[in-house]
Protein chains: 2
Amino acid sequence: MPHIKLNNQLPGITGLLEYRLDTALPIRELTEILLRQENSLTRGERELIASLVSSKNECFYCTNAHVTVTNQLLGEEETTHCVIHNDIDSAKISDKMKALLKIALQVQKSGKEVTKVAIKNAKDCGANDNEIHDTVLIASLFCLYNKYVDGMATIAPKEQEYYNQLGHKIVDFGYNRRPQNLPKIKH
Amino acid sequence: MPHIKLNNQLPGITGLLEYRLDTALPIRELTEILLRQENSLTRGERELIASLVSSKNECFYCTNAHVTVTNQLLGEEETTHCVIHNDIDSAKISDKMKALLKIALQVQKSGKEVTKVAIKNAKDCGANDNEIHDTVLIASLFCLYNKYVDGMATIAPKEQEYYNQLGHKIVDFGYNRRPQNLPKIKH
C-alpha cells in the first residue's frame, strides 16, 4: 500500500504521475525525449538500458514494464533475459551496446563509479558522445524512477497481462499520454 | 575533464544542460517546480534535502552549489553543517524536517529502504502527504543530478566564490534561466 493517499488506484509510476500532475509533465517529457525521439540508439536499445538499471535497483514495477516494452520492440525475449541476468556479453546485441550497458551499470551504482576504461571501451566500439551522454542520463533517470516508485511504496500488479497492455500503450503512444483505460488492478 | 566534448567550459550540471538543451528544459522545469514553486516546505527546507542527498552521494559540485543556496536562503551556515555532517538531530530545524530528512537519507540508499516507521514518524511530526511525496521526489531527483554530474566527469570549481555567485543567481532567478555571465573557471 502506498505511503500516502494517492487518490487513485493506479499502480507504480502511473499513480504517482496522476497524484501530482505538474511535476509529472516534465518527467513524462524528459522520458519521451530520451527514450523515443530520434536518436542513433534505437528505441529498443534505450529501453534495454532502462530495463537493466531498473532490474539492478530491484524495482519490480519498472523492471516488468520496461522489459516488456523492450521485448515488444525487439520482437524477442532472449536479449533482455541475458542482459538482466548478468550475462550482457552473451546477448545478441552490438559490442557498442554491450559497452554502453556496462556504463549504465556503473551509473546505477554511482556516478563516481564510471571509469575512463569503460568510456574508452564504448568509444572504441563506436559509441559517439551523444550516445554516451544519453546512456548516462537514461541510467540516472531510471534511478530517479526506481527510487520514486519504491520510495512511495506503490503497488505493482503481478499479472504479466497488465505489463503487456501497458507496454503496447507505451510503444504506440509514448510517455506523454496520461493513462486511459488501463486494466483494473485486483486488490 | 568530462568524458565527452561538451562544446562549452561550464562546470558541473551547467555544462551538461547547455550540451543538450532539449533534455535540459524538462530537467530545469522539474527542479523549478519542486524546489521553488509554492509549497508548505520553505525553499530553504527543500534545498536542505537537495544538499543532504548530494553530500551523501559525494557529489562535490552539487553539494557545494545547494549547501550555498541553502545557506543564502536560511541566512546562516550552522544548519547545513549539522545536516550534512550526520548530525540532523542537533540542527535547529523542526521535528518534521528532521523526519523528512531521514526519509531522504533512505531514498538516497534505495527506494526500498524507506520504512513505514520513518513515514509514520514524519506524519506524527506533522508532515502531510504532499510533503512526504515531495521529499521522496526531491531526493530521487538529486540522485539523478549527482549521477549525471559525476557520471559524465564534469569539472567543479574549487573556489567558494564561484558557488556564492551561482547561489545568488539561483536564489534570484531560479532554475529555468540558462547561464549568463557565470564566473570564468581557472584551468
# chains A, B, ... in the order shown; residues from 1 in each chain; ligands from 1
>>> calpha_fit_and_write(fixed="chain A", moving="chain B", output="CSV table (one decimal) with C-alpha atoms, in the first residue's frame")
chain,number,residue,atom,x,y,z
B,1,MET,CA,0.0,0.0,0.0
B,2,PRO,CA,1.4,3.4,-0.9
B,3,HIS,CA,2.8,5.5,2.0
B,4,ILE,CA,0.4,8.3,1.1
B,5,LYS,CA,-3.1,8.6,-0.2
B,6,LEU,CA,-2.7,8.9,-4.0
B,7,ASN,CA,-6.5,9.5,-4.7
B,8,ASN,CA,-6.3,6.9,-7.4
B,9,GLN,CA,-5.7,3.2,-7.7
B,10,LEU,CA,-3.2,3.3,-10.5
B,11,PRO,CA,-0.1,1.2,-9.8
B,12,GLY,CA,3.6,2.0,-10.0
B,13,ILE,CA,4.7,5.3,-11.5
B,14,THR,CA,1.2,5.8,-13.2
B,15,GLY,CA,-0.4,6.5,-9.8
B,16,LEU,CA,2.4,8.9,-8.8
B,17,LEU,CA,2.2,10.8,-12.1
B,18,GLU,CA,-1.6,11.2,-11.6
B,19,TYR,CA,-1.1,12.3,-8.0
B,20,ARG,CA,1.0,15.4,-8.9
B,21,LEU,CA,0.3,16.4,-12.4
B,22,ASP,CA,2.6,19.5,-12.5
B,23,THR,CA,5.7,17.5,-11.7
B,24,ALA,CA,4.5,14.7,-13.9
B,25,LEU,CA,4.6,16.8,-17.0
B,26,PRO,CA,8.4,17.4,-17.2
B,27,ILE,CA,9.1,13.8,-16.0
B,28,ARG,CA,7.0,12.5,-18.9
B,29,GLU,CA,8.6,14.9,-21.3
B,30,LEU,CA,12.2,14.0,-20.3
B,31,THR,CA,11.4,10.3,-20.8
B,32,GLU,CA,9.7,10.9,-24.1
B,33,ILE,CA,12.7,12.8,-25.5
B,34,LEU,CA,15.3,10.4,-24.1
B,35,LEU,CA,13.6,7.1,-24.9
B,36,ARG,CA,11.6,7.8,-28.0
B,37,GLN,CA,12.7,10.8,-30.0
B,38,GLU,CA,15.1,10.5,-33.0
B,39,ASN,CA,18.4,9.0,-31.8
B,40,SER,CA,21.2,6.9,-33.2
B,41,LEU,CA,20.3,4.4,-30.5
B,42,THR,CA,17.1,2.5,-31.3
B,43,ARG,CA,14.1,2.7,-29.0
B,44,GLY,CA,14.7,-0.9,-28.1
B,45,GLU,CA,18.3,-0.2,-27.2
B,46,ARG,CA,17.3,2.7,-25.0
B,47,GLU,CA,14.6,0.7,-23.3
B,48,LEU,CA,17.2,-2.0,-22.7
B,49,ILE,CA,19.2,0.5,-20.6
B,50,ALA,CA,16.1,1.4,-18.6
B,51,SER,CA,15.3,-2.3,-18.1
B,52,LEU,CA,18.9,-3.1,-16.9
B,53,VAL,CA,19.0,-0.2,-14.4
B,54,SER,CA,15.5,-0.9,-13.0
B,55,SER,CA,16.4,-4.6,-12.6
B,56,LYS,CA,19.6,-3.7,-10.7
B,57,ASN,CA,17.6,-1.4,-8.4
B,58,GLU,CA,15.2,-4.4,-8.0
B,59,CYS,CA,12.2,-2.2,-8.8
B,60,PHE,CA,9.6,-4.8,-9.7
B,61,TYR,CA,7.1,-2.4,-11.5
B,62,CYS,CA,9.7,-0.6,-13.6
B,63,THR,CA,11.6,-3.7,-14.5
B,64,ASN,CA,8.5,-5.5,-15.7
B,65,ALA,CA,7.2,-2.5,-17.5
B,66,HIS,CA,10.5,-1.8,-19.4
B,67,VAL,CA,11.5,-5.4,-20.0
B,68,THR,CA,8.1,-5.8,-21.6
B,69,VAL,CA,8.4,-2.7,-23.8
B,70,THR,CA,11.9,-3.8,-24.8
B,71,ASN,CA,10.7,-7.3,-25.7
B,72,GLN,CA,7.8,-5.8,-27.7
B,73,LEU,CA,10.2,-3.5,-29.6
B,74,LEU,CA,12.8,-6.2,-30.3
B,75,GLY,CA,10.3,-8.9,-31.1
B,76,GLU,CA,12.0,-11.4,-28.8
B,77,GLU,CA,12.7,-12.0,-25.1
B,78,GLU,CA,16.2,-13.6,-25.2
B,79,THR,CA,18.1,-10.3,-25.2
B,80,THR,CA,16.5,-8.8,-22.1
B,81,HIS,CA,16.8,-12.2,-20.4
B,82,CYS,CA,20.6,-12.2,-20.9
B,83,VAL,CA,21.0,-8.6,-20.0
B,84,ILE,CA,19.1,-8.5,-16.8
B,85,HIS,CA,20.6,-11.9,-15.6
B,86,ASN,CA,24.2,-10.7,-15.6
B,87,ASP,CA,25.1,-12.1,-19.0
B,88,ILE,CA,25.4,-8.9,-21.1
B,89,ASP,CA,28.3,-10.5,-23.1
B,90,SER,CA,26.1,-13.4,-24.4
B,91,ALA,CA,23.3,-11.1,-25.5
B,92,LYS,CA,22.8,-10.8,-29.3
B,93,ILE,CA,23.5,-7.0,-29.3
B,94,SER,CA,26.3,-4.9,-30.8
B,95,ASP,CA,29.6,-4.5,-28.9
B,96,LYS,CA,28.8,-0.8,-28.7
B,97,MET,CA,25.5,-1.7,-26.8
B,98,LYS,CA,27.4,-4.1,-24.5
B,99,ALA,CA,29.9,-1.3,-23.7
B,100,LEU,CA,27.1,1.3,-23.1
B,101,LEU,CA,25.2,-1.1,-20.8
B,102,LYS,CA,28.3,-1.6,-18.8
B,103,ILE,CA,28.5,2.2,-18.3
B,104,ALA,CA,24.8,2.2,-17.3
B,105,LEU,CA,25.7,-0.5,-14.7
B,106,GLN,CA,28.3,1.8,-13.2
B,107,VAL,CA,26.0,4.8,-13.1
B,108,GLN,CA,23.4,2.7,-11.3
B,109,LYS,CA,26.0,2.2,-8.5
B,110,SER,CA,27.2,5.8,-8.5
B,111,GLY,CA,28.2,8.5,-10.9
B,112,LYS,CA,31.7,8.2,-9.4
B,113,GLU,CA,31.9,4.5,-10.5
B,114,VAL,CA,32.0,5.4,-14.2
B,115,THR,CA,35.6,4.6,-15.3
B,116,LYS,CA,37.7,6.1,-18.1
B,117,VAL,CA,38.3,2.5,-19.2
B,118,ALA,CA,34.5,1.9,-19.7
B,119,ILE,CA,34.2,5.2,-21.6
B,120,LYS,CA,37.2,4.3,-23.8
B,121,ASN,CA,35.8,0.9,-24.4
B,122,ALA,CA,32.5,2.4,-25.6
B,123,LYS,CA,34.3,4.8,-27.9
B,124,ASP,CA,36.5,2.1,-29.3
B,125,CYS,CA,33.3,0.1,-30.0
B,126,GLY,CA,31.9,3.1,-32.0
B,127,ALA,CA,29.8,4.9,-29.4
B,128,ASN,CA,29.7,8.7,-30.1
B,129,ASP,CA,29.5,11.4,-27.5
B,130,ASN,CA,25.7,11.7,-27.7
B,131,GLU,CA,25.2,8.0,-27.1
B,132,ILE,CA,27.5,8.1,-24.1
B,133,HIS,CA,25.7,11.1,-22.7
B,134,ASP,CA,22.2,9.6,-23.3
B,135,THR,CA,23.3,6.3,-21.7
B,136,VAL,CA,24.4,8.2,-18.5
B,137,LEU,CA,21.2,10.3,-18.4
B,138,ILE,CA,18.8,7.4,-19.1
B,139,ALA,CA,20.5,5.4,-16.4
B,140,SER,CA,20.3,8.4,-14.0
B,141,LEU,CA,16.6,9.0,-14.9
B,142,PHE,CA,15.7,5.4,-14.2
B,143,CYS,CA,17.4,5.6,-10.8
B,144,LEU,CA,15.1,8.5,-10.1
B,145,TYR,CA,12.1,6.5,-11.3
B,146,ASN,CA,13.0,3.4,-9.2
B,147,LYS,CA,13.6,5.4,-6.1
B,148,TYR,CA,10.3,7.3,-6.6
B,149,VAL,CA,8.2,4.2,-7.3
B,150,ASP,CA,9.6,2.1,-4.5
B,151,GLY,CA,10.2,5.0,-2.1
B,152,MET,CA,6.5,5.7,-2.2
B,153,ALA,CA,5.7,2.0,-1.8
B,154,THR,CA,3.4,2.0,-4.8
B,155,ILE,CA,1.5,-1.2,-5.7
B,156,ALA,CA,2.6,-3.4,-8.6
B,157,PRO,CA,0.4,-5.9,-10.5
B,158,LYS,CA,1.7,-9.4,-10.6
B,159,GLU,CA,0.0,-10.4,-13.8
B,160,GLN,CA,2.1,-10.2,-17.0
B,161,GLU,CA,-1.0,-9.2,-18.9
B,162,TYR,CA,-1.0,-5.8,-17.2
B,163,TYR,CA,2.5,-5.1,-18.4
B,164,ASN,CA,1.7,-6.4,-21.9
B,165,GLN,CA,-1.2,-3.9,-22.2
B,166,LEU,CA,0.9,-1.1,-20.6
B,167,GLY,CA,3.8,-1.9,-23.0
B,168,HIS,CA,1.6,-1.7,-26.1
B,169,LYS,CA,0.3,1.7,-24.9
B,170,ILE,CA,3.9,3.0,-24.4
B,171,VAL,CA,5.0,1.6,-27.7
B,172,ASP,CA,2.1,3.0,-29.6
B,173,PHE,CA,1.5,6.4,-27.8
B,174,GLY,CA,4.7,7.1,-25.8
B,175,TYR,CA,5.2,8.6,-22.4
B,176,ASN,CA,3.4,11.9,-22.7
B,177,ARG,CA,-0.1,10.4,-22.6
B,178,ARG,CA,-1.9,10.2,-19.3
B,179,PRO,CA,-3.4,6.7,-18.5
B,180,GLN,CA,-6.6,5.8,-20.3
B,181,ASN,CA,-8.5,2.6,-19.7
B,182,LEU,CA,-5.6,0.8,-18.0
B,183,PRO,CA,-6.6,-2.6,-16.8
B,184,LYS,CA,-8.2,-2.7,-13.4
B,185,ILE,CA,-6.0,-4.0,-10.6
B,186,LYS,CA,-7.0,-6.8,-8.4
B,187,HIS,CA,-7.1,-5.9,-4.7
>>> select_by_dssp(residues="stretch 41-149 of chain B", states="helix (DSSP H, G or I)", output="PyMOL selection string")
chain B and resi 43-56+60-74+78-84+88-90+95-109+111-113+116-124+129-149
>>> decode(residues="stretch 8-157 of chain A", atoms="C-alpha atoms", output="JSON list (two decimals), in the first residue's frame")
[["chain", "number", "residue", "atom", "x", "y", "z"],
["A", 8, "ASN", "CA", -6.25, 6.92, -7.45],
["A", 9, "GLN", "CA", -5.73, 3.18, -7.67],
["A", 10, "LEU", "CA", -3.17, 3.26, -10.47],
["A", 11, "PRO", "CA", -0.05, 1.16, -9.85],
["A", 12, "GLY", "CA", 3.65, 2.06, -9.94],
["A", 13, "ILE", "CA", 4.68, 5.30, -11.55],
["A", 14, "THR", "CA", 1.27, 5.81, -13.17],
["A", 15, "GLY", "CA", -0.39, 6.52, -9.81],
["A", 16, "LEU", "CA", 2.39, 8.93, -8.79],
["A", 17, "LEU", "CA", 2.20, 10.84, -12.07],
["A", 18, "GLU", "CA", -1.56, 11.23, -11.63],
["A", 19, "TYR", "CA", -1.07, 12.32, -7.98],
["A", 20, "ARG", "CA", 0.95, 15.38, -8.88],
["A", 21, "LEU", "CA", 0.28, 16.44, -12.45],
["A", 22, "ASP", "CA", 2.58, 19.48, -12.50],
["A", 23, "THR", "CA", 5.75, 17.51, -11.70],
["A", 24, "ALA", "CA", 4.50, 14.66, -13.93],
["A", 25, "LEU", "CA", 4.64, 16.85, -17.02],
["A", 26, "PRO", "CA", 8.45, 17.41, -17.17],
["A", 27, "ILE", "CA", 9.10, 13.82, -16.00],
["A", 28, "ARG", "CA", 6.98, 12.49, -18.88],
["A", 29, "GLU", "CA", 8.57, 14.93, -21.34],
["A", 30, "LEU", "CA", 12.15, 14.04, -20.35],
["A", 31, "THR", "CA", 11.36, 10.34, -20.76],
["A", 32, "GLU", "CA", 9.69, 10.87, -24.14],
["A", 33, "ILE", "CA", 12.72, 12.81, -25.46],
["A", 34, "LEU", "CA", 15.31, 10.39, -24.11],
["A", 35, "LEU", "CA", 13.62, 7.09, -24.92],
["A", 36, "ARG", "CA", 11.60, 7.81, -28.04],
["A", 37, "GLN", "CA", 12.72, 10.85, -30.01],
["A", 38, "GLU", "CA", 15.09, 10.45, -32.95],
["A", 39, "ASN", "CA", 18.41, 9.02, -31.80],
["A", 40, "SER", "CA", 21.23, 6.89, -33.19],
["A", 41, "LEU", "CA", 20.31, 4.37, -30.47],
["A", 42, "THR", "CA", 17.10, 2.52, -31.33],
["A", 43, "ARG", "CA", 14.09, 2.70, -29.03],
["A", 44, "GLY", "CA", 14.70, -0.92, -28.12],
["A", 45, "GLU", "CA", 18.32, -0.20, -27.19],
["A", 46, "ARG", "CA", 17.30, 2.70, -24.97],
["A", 47, "GLU", "CA", 14.56, 0.65, -23.30],
["A", 48, "LEU", "CA", 17.19, -2.03, -22.67],
["A", 49, "ILE", "CA", 19.22, 0.49, -20.63],
["A", 50, "ALA", "CA", 16.06, 1.38, -18.64],
["A", 51, "SER", "CA", 15.35, -2.33, -18.07],
["A", 52, "LEU", "CA", 18.86, -3.12, -16.87],
["A", 53, "VAL", "CA", 19.02, -0.20, -14.42],
["A", 54, "SER", "CA", 15.53, -0.94, -13.04],
["A", 55, "SER", "CA", 16.40, -4.61, -12.56],
["A", 56, "LYS", "CA", 19.62, -3.72, -10.70],
["A", 57, "ASN", "CA", 17.60, -1.42, -8.45],
["A", 58, "GLU", "CA", 15.19, -4.36, -7.98],
["A", 59, "CYS", "CA", 12.22, -2.19, -8.87],
["A", 60, "PHE", "CA", 9.56, -4.81, -9.71],
["A", 61, "TYR", "CA", 7.15, -2.43, -11.45],
["A", 62, "CYS", "CA", 9.71, -0.58, -13.59],
["A", 63, "THR", "CA", 11.63, -3.73, -14.49],
["A", 64, "ASN", "CA", 8.50, -5.55, -15.66],
["A", 65, "ALA", "CA", 7.23, -2.50, -17.52],
["A", 66, "HIS", "CA", 10.45, -1.76, -19.41],
["A", 67, "VAL", "CA", 11.48, -5.38, -20.04],
["A", 68, "THR", "CA", 8.06, -5.84, -21.62],
["A", 69, "VAL", "CA", 8.41, -2.70, -23.75],
["A", 70, "THR", "CA", 11.90, -3.81, -24.81],
["A", 71, "ASN", "CA", 10.66, -7.30, -25.74],
["A", 72, "GLN", "CA", 7.80, -5.81, -27.75],
["A", 73, "LEU", "CA", 10.19, -3.51, -29.61],
["A", 74, "LEU", "CA", 12.82, -6.21, -30.25],
["A", 75, "GLY", "CA", 10.27, -8.91, -31.07],
["A", 76, "GLU", "CA", 12.01, -11.44, -28.81],
["A", 77, "GLU", "CA", 12.73, -12.02, -25.12],
["A", 78, "GLU", "CA", 16.19, -13.57, -25.16],
["A", 79, "THR", "CA", 18.09, -10.29, -25.20],
["A", 80, "THR", "CA", 16.50, -8.79, -22.09],
["A", 81, "HIS", "CA", 16.79, -12.17, -20.35],
["A", 82, "CYS", "CA", 20.58, -12.23, -20.91],
["A", 83, "VAL", "CA", 21.05, -8.57, -20.04],
["A", 84, "ILE", "CA", 19.12, -8.51, -16.75],
["A", 85, "HIS", "CA", 20.57, -11.84, -15.63],
["A", 86, "ASN", "CA", 24.19, -10.69, -15.58],
["A", 87, "ASP", "CA", 25.07, -12.06, -18.97],
["A", 88, "ILE", "CA", 25.45, -8.95, -21.13],
["A", 89, "ASP", "CA", 28.28, -10.49, -23.12],
["A", 90, "SER", "CA", 26.11, -13.39, -24.36],
["A", 91, "ALA", "CA", 23.29, -11.10, -25.54],
["A", 92, "LYS", "CA", 22.82, -10.78, -29.29],
["A", 93, "ILE", "CA", 23.50, -7.04, -29.32],
["A", 94, "SER", "CA", 26.32, -4.94, -30.76],
["A", 95, "ASP", "CA", 29.62, -4.53, -28.94],
["A", 96, "LYS", "CA", 28.74, -0.84, -28.68],
["A", 97, "MET", "CA", 25.53, -1.65, -26.80],
["A", 98, "LYS", "CA", 27.39, -4.05, -24.51],
["A", 99, "ALA", "CA", 29.85, -1.27, -23.69],
["A", 100, "LEU", "CA", 27.05, 1.26, -23.09],
["A", 101, "LEU", "CA", 25.17, -1.16, -20.84],
["A", 102, "LYS", "CA", 28.32, -1.57, -18.77],
["A", 103, "ILE", "CA", 28.46, 2.21, -18.33],
["A", 104, "ALA", "CA", 24.80, 2.15, -17.27],
["A", 105, "LEU", "CA", 25.65, -0.48, -14.66],
["A", 106, "GLN", "CA", 28.33, 1.81, -13.24],
["A", 107, "VAL", "CA", 25.94, 4.79, -13.15],
["A", 108, "GLN", "CA", 23.39, 2.66, -11.29],
["A", 109, "LYS", "CA", 25.95, 2.17, -8.50],
["A", 110, "SER", "CA", 27.18, 5.79, -8.50],
["A", 111, "GLY", "CA", 28.21, 8.48, -10.94],
["A", 112, "LYS", "CA", 31.68, 8.17, -9.41],
["A", 113, "GLU", "CA", 31.88, 4.53, -10.50],
["A", 114, "VAL", "CA", 32.00, 5.39, -14.21],
["A", 115, "THR", "CA", 35.54, 4.65, -15.31],
["A", 116, "LYS", "CA", 37.69, 6.09, -18.10],
["A", 117, "VAL", "CA", 38.27, 2.49, -19.19],
["A", 118, "ALA", "CA", 34.54, 1.89, -19.66],
["A", 119, "ILE", "CA", 34.19, 5.16, -21.61],
["A", 120, "LYS", "CA", 37.22, 4.34, -23.80],
["A", 121, "ASN", "CA", 35.82, 0.86, -24.44],
["A", 122, "ALA", "CA", 32.49, 2.37, -25.56],
["A", 123, "LYS", "CA", 34.27, 4.83, -27.86],
["A", 124, "ASP", "CA", 36.49, 2.05, -29.26],
["A", 125, "CYS", "CA", 33.30, 0.10, -30.03],
["A", 126, "GLY", "CA", 31.94, 3.06, -32.00],
["A", 127, "ALA", "CA", 29.84, 4.92, -29.41],
["A", 128, "ASN", "CA", 29.70, 8.66, -30.06],
["A", 129, "ASP", "CA", 29.50, 11.41, -27.45],
["A", 130, "ASN", "CA", 25.71, 11.74, -27.69],
["A", 131, "GLU", "CA", 25.23, 8.02, -27.13],
["A", 132, "ILE", "CA", 27.47, 8.06, -24.06],
["A", 133, "HIS", "CA", 25.67, 11.16, -22.76],
["A", 134, "ASP", "CA", 22.24, 9.64, -23.28],
["A", 135, "THR", "CA", 23.24, 6.34, -21.69],
["A", 136, "VAL", "CA", 24.37, 8.15, -18.53],
["A", 137, "LEU", "CA", 21.24, 10.33, -18.44],
["A", 138, "ILE", "CA", 18.83, 7.43, -19.11],
["A", 139, "ALA", "CA", 20.52, 5.39, -16.36],
["A", 140, "SER", "CA", 20.27, 8.37, -13.99],
["A", 141, "LEU", "CA", 16.63, 8.98, -14.89],
["A", 142, "PHE", "CA", 15.70, 5.37, -14.16],
["A", 143, "CYS", "CA", 17.40, 5.58, -10.77],
["A", 144, "LEU", "CA", 15.05, 8.53, -10.13],
["A", 145, "TYR", "CA", 12.06, 6.46, -11.29],
["A", 146, "ASN", "CA", 13.02, 3.40, -9.26],
["A", 147, "LYS", "CA", 13.57, 5.43, -6.07],
["A", 148, "TYR", "CA", 10.31, 7.34, -6.60],
["A", 149, "VAL", "CA", 8.24, 4.22, -7.31],
["A", 150, "ASP", "CA", 9.64, 2.12, -4.46],
["A", 151, "GLY", "CA", 10.23, 5.03, -2.06],
["A", 152, "MET", "CA", 6.48, 5.75, -2.17],
["A", 153, "ALA", "CA", 5.68, 2.01, -1.78],
["A", 154, "THR", "CA", 3.42, 1.97, -4.83],
["A", 155, "ILE", "CA", 1.52, -1.18, -5.70],
["A", 156, "ALA", "CA", 2.62, -3.38, -8.62],
["A", 157, "PRO", "CA", 0.39, -5.84, -10.48]]
